[in-house]
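The next block holds one structure in the form of structure tokens; read it before the comments.
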Amino acid sequence: MAQINGVLGPIDLDDLGFTLMHEHILIANWSMRQSFADWVDIPGHIRKATEEVRSAGERGVNTIVDLTPINLGRDIHVIREVAERAEMQVIAATGLYWTEEPWIQGWEVETLVDTLITDIEKGIQGTSSKAGIIKCATDHLGVTPLNKKTLQVAARLHRATGVPISTHTSSAEHTGLRQIEVFEEEGVDLRRVVIGHCGDTEELEYLESILRTGCFIGMDRFGLDMMLSTAKRVSMVAELCRRGYADQMVLSHDACCHIDWFPKSALAAVPNWNFRHISDDVVPALRKEGVSEDQLHQLTVSNPRRVFAAQGSY
Ligand SMILES: [Zn+2]
């Protein structure tokens, strides 16, 4: 039986079930947390996040992929505690965000790989929780020399371990295609890659050019209505199903139980940005647009399984 690294121990591939492929239990800057004791109320956050994760479980979600990279404040202790309390299978990530850090500049790719690989092989932050997925990110700056280095780190971690890659992109700048160029140079198996945030755009041509490479695409920001409404996101998934791509899409919200980037009041503008929106609203809307039960099963269960499938067989 193939097994995947979950934060509370190995998960049998067959037990993955309904999987949200891109969420965040906590995004909070480590430097600010270290400097100001009240930057995040961790016990309060754990209670709130546990409720949120449990509410997803009550709706039939079996697994949540927490795609928080190291330098967005990934805290495995918080992730573990929430997973335990909410009785949810959670998969954590290793890898780097697109923001340009001085310490990424100064190190060779291989040194970063040797450091990050311990997240996958030994455990994160001294715990037994191993990373089950590799995150990397390319935003509006595009593939700068420094960004290329972080993509190479992700590619080489994948080549060394068989763990899949899932990315952050800026659809408006078509950075998904630029990421794929680097992955191809590095010999990555593109069938084990999710190009993220593809649900932010209505440019079918861009999305089909990604899909033709064999990658999965993440229709993974349901609820971020200010970028694209739920109705438009649903129509894009339904249209791509009609075009024969139901086996290459995964769904998620990219929601955060807590994020320290803006005041809480800003979240009032996105009331559906939570772990429940897909179960409550998106799945019924997809049915209405003609997406079949088999296709819904592909989007939520079998495609996530295929993203993780070959892990351990390398
Ligand atoms: Zn994210």
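All residue names refer to the structure tokens as shown: chains lettered A, B, ... in order, residues numbered from 1 in each chain, ligands numbered from 1 in order.
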
Requested in this report: Taking only C-alpha atoms and all ligand atoms into account, report as a VMD selection string which residues have an atom no farther than 10 Å from an atom of ligand 1.
Outcome: chain A and resid 21 to 24 27 66 to 69 72 97 135 137 166 to 169 196 to 197 220 to 221 252 to 256

Query raised in the report: Any idea what's packed within 9 Å of Glu208 in chain A, counting only C-alpha atoms, ignoring anything in its chain fewer than 4 positions away? Could you give it as a ChimeraX atom specification?
Result: /A:203-204,212-213,240,245

Written file, previous selection with N, CA, C and O atoms, as a compact mmCIF listing (two decimals), in the first residue's frame:
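Okay, this is what ended up in again33.txt:
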# COMPACT_ATOMS: atom_id res chain seq x y z
N GLU A 203 -8.97 32.99 -19.03
CA GLU A 203 -8.24 32.80 -20.30
C GLU A 203 -8.06 31.31 -20.58
O GLU A 203 -7.08 30.68 -20.16
N LEU A 204 -9.01 30.75 -21.32
CA LEU A 204 -8.98 29.31 -21.61
C LEU A 204 -7.71 28.89 -22.35
O LEU A 204 -7.16 27.82 -22.11
N ARG A 212 -2.06 20.92 -21.59
CA ARG A 212 -1.44 20.08 -22.64
C ARG A 212 -0.06 19.55 -22.23
O ARG A 212 0.41 18.57 -22.80
N THR A 213 0.58 20.18 -21.26
CA THR A 213 1.89 19.68 -20.80
C THR A 213 1.73 18.47 -19.88
O THR A 213 2.71 17.81 -19.56
N LEU A 240 -14.04 23.43 -18.72
CA LEU A 240 -12.86 22.57 -18.89
C LEU A 240 -13.24 21.10 -18.78
O LEU A 240 -12.64 20.25 -19.45
N TYR A 245 -11.01 17.86 -19.64
CA TYR A 245 -9.92 18.00 -18.67
C TYR A 245 -10.33 17.69 -17.23
O TYR A 245 -9.66 18.13 -16.30

**Report entry** Residue set, range 1-245 of chain A restricted to helix (DSSP H, G or I), as a PyMOL selection string
**Finding:** chain A and resi 13-15+30-35+42-58+70-72+76-86+102-105+109-121+145-161+171-173+175-185+190-192+198-200+204-211+230-242

**Report entry** Point-to-point distance in Å for CA of Thr50 in chain A and CA of Asp200 in chain A
**Finding:**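 Those two atoms sit 27.8 Å apart.
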
**Report entry** 9 Å contact set for range 228-233 of chain A, only C-alpha atoms, chain neighbours under 4 positions out, as a ChimeraX atom specification
**Finding:** /A:199-202,219,221-224,237-238,281-282,285
